There are 2 protein chains.
Amino acid sequence: MTIHTVLFDSADKPVKVPTGTLLADAARLAGVEIAQPCGGQGRCGRCAVKVTSGTVRRRSSLRLSPDDLALGYALACQTVVEGNVAVLVPPQERIERRLTMDRVAAEVSVPPGYNYEQNQSVRRYALNLKPPTMEEQTDDWSRLQAALRQASGRSDFHVSLPLLRRLGETLRAGDWQVTAVIETAAWDCCRDCPARLIDLRPGLAEEDEPLWGVAIDIGTTTVTVWLVDLLSGQVRAQVVDYNQQIARGEDVISRIIYAGKNGGGEELRNLVLDTINGLIQLACKRAQITPGDIVKATVAGNSTMIHLLLGIPAASIRLAPFVTAINEVPPLRGAEVGLTVHPEATVDCLPGVASYVGADISAGVLSSGMDEDARLTLFLDVGTNGETVLGSSEWLVTCACSAGPAFEGAGVQHGMRATAGAIEEVWVNGATYEPSYRVIGNVKPRGLCGSGLISLLAEMFLVGVVDKGGHIHVDLPTPRLRIGEHGPEYVVAWANDTEQGEDIVFTNVDIDNLLRAKAAIYAGFTVLADSVGVPLEAVERVLIGGSFGKYINVEKGVQIGLLPDMPWERFQFLGNTSVLGAYMALLDHSARSRVQDIASRMTYIELSADNHFYDAFTSALFLPHTDVERFPSVHALQSSAT
Amino acid sequence: MTIHTVLFDSADKPVKVPTGTLLADAARLAGVEIAQPCGGQGRCGRCAVKVTSGTVRRRSSLRLSPDDLALGYALACQTVVEGNVAVLVPPQERIERRLTMDRVAAEVSVPPGYNYEQNQSVRRYALNLKPPTMEEQTDDWSRLQAALRQASGRSDFHVSLPLLRRLGETLRAGDWQVTAVIETAAWDCCRDCPARLIDLRPGLAEEDEPLWGVAIDIGTTTVTVWLVDLLSGQVRAQVVDYNQQIARGEDVISRIIYAGKNGGGEELRNLVLDTINGLIQLACKRAQITPGDIVKATVAGNSTMIHLLLGIPAASIRLAPFVTAINEVPPLRGAEVGLTVHPEATVDCLPGVASYVGADISAGVLSSGMDEDARLTLFLDVGTNGETVLGSSEWLVTCACSAGPAFEGAGVQHGMRATAGAIEEVWVNGATYEPSYRVIGNVKPRGLCGSGLISLLAEMFLVGVVDKGGHIHVDLPTPRLRIGEHGPEYVVAWANDTEQGEDIVFTNVDIDNLLRAKAAIYAGFTVLADSVGVPLEAVERVLIGGSFGKYINVEKGVQIGLLPDMPWERFQFLGNTSVLGAYMALLDHSARSRVQDIASRMTYIELSADNHFYDAFTSALFLPHTDVERFPSVHALQSSAT
């Protein structure tokens, strides 16, 4: 009988078990809790864990997709140990969301007019070299350069030492027929700078053989990778996974703190690299290529994510005066960053603006097109940092307003992310105060996600359960209103209707947190508008980006005073604008210049030291606002209700 | 009693000995011969070995200089084992040369008009940054760039990932006072390319604190390193050692073959890196700095040496059509090359022209100044490859003429290098045919070095012992002429006068080898002159470079037909022109451009496929030449002698 060790991420030390032991049993031995609602029959899929190293055998993989399997997921109740293994137990909600996640990504359309020859800075050339003779003894590198010069029209080329070491062999292996990939210009170089040789392979590539690139968006929560054929511009695979750094802190602040601990930065760097490289592997598998075929990558993400990816200390982001080490990262290469793409691949981290307005926002603005649109546009990323951009083709101002994580379900007693079991929309009857709601995944409710919270607060306000100041009126004639452990509260779902068998409530403390969050965002764009002297009403479009943006109900957002009161047709949801911007910059050199231009044009306004912001914030702490005239539609609705 | 292993480089496996065993005894046990002429009393120094790893204790180090000790030399008869050690037993002549080597290097004068501010591409700036505030939140890198922009007048800067990772900490450790070193321009970049940050340290450097660079010449036999203060231009240390690659082949061809074996290239690379890094360490010790203080290096050497240093396969250099992988190496960094200088230091390998006309020759031409001189100049590197350059400020042609190693003492029965015991000059009495000679180191002779061979051949020719065709006349009335094992021979020294107790002879076979060597060199520059249609007599200066150049006697060189027959004042010995050229390129950006220009201007003429060369070679196989009119002074001397 062979004995193996099994190490769970949340356990202090590994446990020893014989071959054939179920992961679920090993977990029990290690004191690690794994949910098994179906009783260990492999039907519910809730006991999914991620095997990060070692050999296991899956008896069944029901509820797991090929992608899940490729990423290492396994059902703890159906998987046995066959070697020393390391196992990550993801939080329940991650598993559930994974199970309910829509795996059919929307098709991305290639930017109109994309032309590889005109727009792409990475170019491929099939070269037929004349072999050297005793009469013509040019050195290999000069010979290759001459051919490249003729093919590309560029005059000078740079080559790295690793490529030089393989140069002679590659030229001769292809009998002087080779395919070269070069970068004609990095974003920070002048047109006369030498072009850079990225790859050289024996033989001549077919003209229509794809040339591979990836657009990467590193979110604090999820990481997205798009695999792109740079020739056609087509997105050939879209993959998403949770950022493995989540295990070391949910938000950027806790990650920065963790990174400051001994070895913490290196650990976080490896976690996000594992996430990205796993996704690259998965995307490549779909396209039947290897990661080494990828010759270019663009990366978007908030400033903390970019710092952690590159192993650059992020401490100064967290501490006043809140500065990054770098906003405009120079062009890097695959090997030095630690990506499994071609070692010489260009890795281009898009530019950020400030500690809390990162490359994800620059990329978002790029993909929104607001920087080229004459209309006055407000761009909102409704999340923890509440990044906001106001402007047009003429000017851009931006701020981050520290909304806090209430909209992501944190700091709220029954808050949760927008996954299975989350109440995502609520209606409250104005006469009986009885709620009705919609739950994600059509299961019993387990809590309230951001859109559910917004919807609930708006309804409670409109029917008079909550007043302008956010206070719950417990004296109304319904058992749903009561004094709970944390003061006044409203029961959204009774215990016997819920997953966990206890009441789901919404308390005055929760409301205060939500009010602070919405007030911060509202105050943010108010201050932006004031700073440039335009009234909010002048805003012609409100674009909502970030993955959270998908879930907001505009009407309810206006009713609680999170969004400005204007006709609904002015609002537009853009989804993940960050990866879309990274994709555009990946394809088009001029889009890359544009995002650079966007980052340098955006005037950053620091709110934490701004009295004006504090005043605006205080005024916005009411429902919908101290100044009801700012919210005529809500005012009208209230008047008609009463 | 502790047992240690001692591994000698020439032994198959290590021997085991107790602590305190003499290295000499361990050698005996291992079957390795170490000379001990003084009987193991530590007086003669001939048993010097190099301890390459492990701990030993030296009882005495008489005859060893502090430099020797720093390089690991120890007397085998006076040194005991105190741990597992590895020992290199250098060939006797290496030790003797080391013992007799002139350690007082000639002072190098700084190029006239050297001005750090105008000429140096690596610059240092002491910067006083304004700390960030809540009102001014520029990121660290932009802040540093702004200060650098103001100080240097340059607009853009590049920074590497390792430096970025230390950026925030360095700025804060120096309380926003830092010293930055930047490279304003690499040789292959346009003026608008971003400058590159090489080093950043907390605190402000003193204005006159040296800024360190090294000029490196990698010879096939010896490696030279000059440590230079880039501010003043002064050479602060000059160190020389044998190239450790010698153990794997004496000439470039055998090294290329060795490099082609499995792991051979990596081994040779490490050997030359060990040599260079050892010398850098030694030079730094003298200047009381550390290798990491060195921010710039220039490297000269023949094409094979440069390829081996960089780990680039050199096989194509040896095989027709004899091409290098690269002649103009792009700028590299300390860390990627493997030098112990600052990891971000610029490592600039000077450009070569062809497989057998390398950067050592380009650097030699640079230091000779012939490329800027209107006079027609012939530059000769009399060595195995016999590199030759002819030209002026108007044009330059070059060739390599495969002289073979005869001038370095190889392929000649009693040939040896120019070290202690080598006969370096010979006079033969025209009446008695008795020789007299001068020996290096004033010891008993052991053989003949290049200059001794030239001198001897010239004398034997002039007194009629050897005829025009190189045949020895054994019928002359002297016991010194006889038929030996290899045919006719001349006894230069009788057994009881020699170190080894056997006759030192000079045979007809030796003469044939010497004739081929001198004929190759003479034919080389004849073809060069013919190729551009100038008569040899038009040559106004003959410059002799390379370390071998120091030992040639012009008069004798002309008499055997190695050097062209012209007034002696036209000849000039330049010593190690390669390291001098590297030093000039290290200091002055325009000298660096000049060497680039020299390399591209030099028209290379391949002799191995040239019938004209073959004819010229055949004609030059005589003493001094088939065409005596080419050697009027020799003809006159002969006429007067007869």
# chains A, B, ... in the order shown; residues from 1 in each chain; ligands from 1
>>> closest_atom_pairs(of="chain B", to="chain A", cutoff="6 Å", atoms="only C-alpha atoms", output="tab-separated table")
residue	atom	partner	partner_atom	distance
B:Thr133	CA	A:Pro321	CA	5.3
B:Met134	CA	A:Pro321	CA	4.8
B:Gln137	CA	A:Val323	CA	5.6
B:Asp139	CA	A:Thr324	CA	4.9
B:Asp140	CA	A:Ala325	CA	4.7
B:Trp141	CA	A:Ile326	CA	5.2
B:Arg165	CA	A:Ile312	CA	4.5
B:Gly168	CA	A:Ala325	CA	5.9
B:Ile312	CA	A:Arg165	CA	4.5
B:Pro321	CA	A:Met134	CA	4.8
B:Val323	CA	A:Asp139	CA	5.3
B:Thr324	CA	A:Asp139	CA	4.9
B:Ala325	CA	A:Asp140	CA	4.7
B:Ile326	CA	A:Trp141	CA	5.2
>>> residues_around(residues="Glu425 in chain A", least_positions_apart="3", cutoff="7 Å", atoms="only C-alpha atoms", output="ChimeraX atom specification")
/A:437-438,451-452,455
>>> residues_around(residues="Ile598 in chain A", least_positions_apart="4", cutoff="9 Å", atoms="only C-alpha atoms", output="ChimeraX atom specification")
/A:351,362-363,365-366,371,396,593-594,602
>>> atom_distance(atom1="CA of Ala620 in chain B", atom2="CA of Ala523 in chain B")
6.6 Å
>>> select_by_dssp(residues="range 500-615 of chain B", states="helix (DSSP H, G or I)", output="ChimeraX atom specification")
/B:508-532,536-538,547-551,554-559,568-570,577-587,589-601,611-615
>>> select_by_dssp(residues="range 104-138 of chain B", states="strand (DSSP E or B)", output="NGL selection string")
:B and (122-128 or 133 or 136)
>>> write_last_selection(atoms="C-alpha atoms", output="PDB file, in the first residue's frame")
ATOM      1  CA  VAL B 122      27.051  56.600 -19.831  1.00  0.00           C
ATOM      2  CA  ARG B 123      26.264  59.454 -17.508  1.00  0.00           C
ATOM      3  CA  ARG B 124      25.638  59.876 -13.831  1.00  0.00           C
ATOM      4  CA  TYR B 125      23.250  62.347 -12.250  1.00  0.00           C
ATOM      5  CA  ALA B 126      22.691  63.196  -8.609  1.00  0.00           C
ATOM      6  CA  LEU B 127      19.008  64.012  -8.346  1.00  0.00           C
ATOM      7  CA  ASN B 128      16.986  65.864  -5.773  1.00  0.00           C
ATOM      8  CA  THR B 133       1.980  64.958  -2.041  1.00  0.00           C
ATOM      9  CA  GLU B 136       0.917  66.032  -6.773  1.00  0.00           C
TER      10      GLU B 136
END
>>> residues_around(residues="Glu537 in chain A", least_positions_apart="2", cutoff="12 Å", atoms="only C-alpha atoms", output="PyMOL selection string")
chain A and resi 376-378+525-526+529-530+533-535+539-542+563-567+570+629-632
>>> closest_residue(among="B:His4, B:Arg318, B:Lys296, B:Lys285", to="Ile182 in chain B", atoms="only C-alpha atoms")
B:Lys296
>>> residues_around(residues="Asp381 in chain A", least_positions_apart="2", cutoff="7 Å", atoms="only C-alpha atoms", output="PyMOL selection string")
chain A and resi 379+383+386-388+544-546+549
>>> write_last_selection(atoms="C-alpha atoms", output="CSV table (one decimal), in the first residue's frame")
chain,number,residue,atom,x,y,z
A,379,PHE,CA,-18.1,56.5,-17.9
A,383,GLY,CA,-17.3,48.6,-8.2
A,386,GLY,CA,-15.9,53.4,-8.3
A,387,GLU,CA,-13.7,54.7,-11.1
A,388,THR,CA,-15.5,57.4,-13.0
A,544,ILE,CA,-21.5,51.6,-17.5
A,545,GLY,CA,-18.5,49.3,-17.7
A,546,GLY,CA,-16.8,46.6,-15.6
A,549,GLY,CA,-22.1,46.9,-14.8
>>> closest_residue(among="B:Arg58, B:His589, B:Lys16, B:Arg154", to="Gly72 in chain B", atoms="only C-alpha atoms")
B:Arg58
>>> closest_residue(among="A:Ala420, A:Ile294, A:Val89, A:Met584", to="Ile246 in chain A", atoms="only C-alpha atoms")
A:Val89
>>> residues_around(residues="Pro343 in chain B", least_positions_apart="3", cutoff="9 Å", atoms="only C-alpha atoms", output="list in words")
Ile198, Gly292, Val295, Arg333, Gly334, Ala335, Glu336, Gly338, Leu339, Thr340 and Thr346 of chain B
>>> atom_distance(atom1="CA of Gly441 in chain A", atom2="CA of Asn429 in chain A")
23.8 Å
>>> atom_distance(atom1="CA of Val595 in chain B", atom2="CA of Leu144 in chain A")
22.6 Å
>>> closest_residue(among="B:Ile483, B:Ala24, B:Cys349, B:Leu231", to="Asn115 in chain B", atoms="only C-alpha atoms")
B:Leu231
>>> closest_residue(among="B:Asn508, B:Thr275, B:Asn513, B:Ser633", to="Leu621 in chain B", atoms="only C-alpha atoms")
B:Asn513
>>> closest_residue(among="B:Ala519, B:Ala147, B:Val466, B:Leu390", to="Asp373 in chain B", atoms="only C-alpha atoms")
B:Leu390
